[in-house]
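Structure record follows, encoded as structure tokens.
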Amino acid sequence: MARVEIRPVGKDERAAWEPLWKGYLTFYKATLPPEQHDITWARLHDPAEPMHLLGAYVDGKLEGIVHYLFHRSTW
């Protein structure tokens, strides 16, 4: 049985995150300049930003990602 763990993706895990990020962009038919990848990665790890990143690790390997953010509500 595979062991699945959901946890934040560490700053040192960009090499594992980037193929999943590029797959996300491909799915949505989005093209971004390389510097935007750097900006996004930095934002995901900046405690002052409302953006967050979790990874799904299957037997220790990053297999899925979710980017999420909190925003204020009007009520």
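Residue numbers start at 1 in each chain; chains themselves are named A, B, ... in the order of the structure tokens; ligands are numbered from 1 in the order shown.
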
- Message: Residues near Thr40 in chain A, anyone? I mean within 10 Å using only C-alpha atoms, not counting same-chain ones fewer than 5 positions away, as a PyMOL selection string.
- Response: chain A and resi 21+35+45-46+51

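For the pair CA of Asp12 in chain A and CA of Leu44 in chain A, the interatomic distance is 12.4 Å.
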
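Distances here use only C-alpha atoms; by that measure, the residue among A:Tyr57, A:Arg43, A:Met1, A:His52 closest to Phe70 in chain A is A:His52.
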
- Message: Could you go through chain A and tell me which residues DSSP, when run on the backbone, assigns to helix (DSSP H, G or I), listing them as a ChimeraX atom specification?
- Response: /A:11-27,34-44

List as a PDB file with C-alpha atoms, in the first residue's frame the protein and nucleic acid residues near Glu5 in chain A, meaning an atom at most 8 Å away when only C-alpha atoms are counted, but skip any in the same chain fewer than 5 places from it.
ATOM      1  CA  ALA A  56       0.986  15.307  -2.280  1.00  0.00           C
ATOM      2  CA  TYR A  57       3.868  12.918  -1.685  1.00  0.00           C
ATOM      3  CA  VAL A  58       3.450   9.267  -2.606  1.00  0.00           C
ATOM      4  CA  GLY A  60       8.154  10.265  -0.453  1.00  0.00           C
TER       5      GLY A  60
END
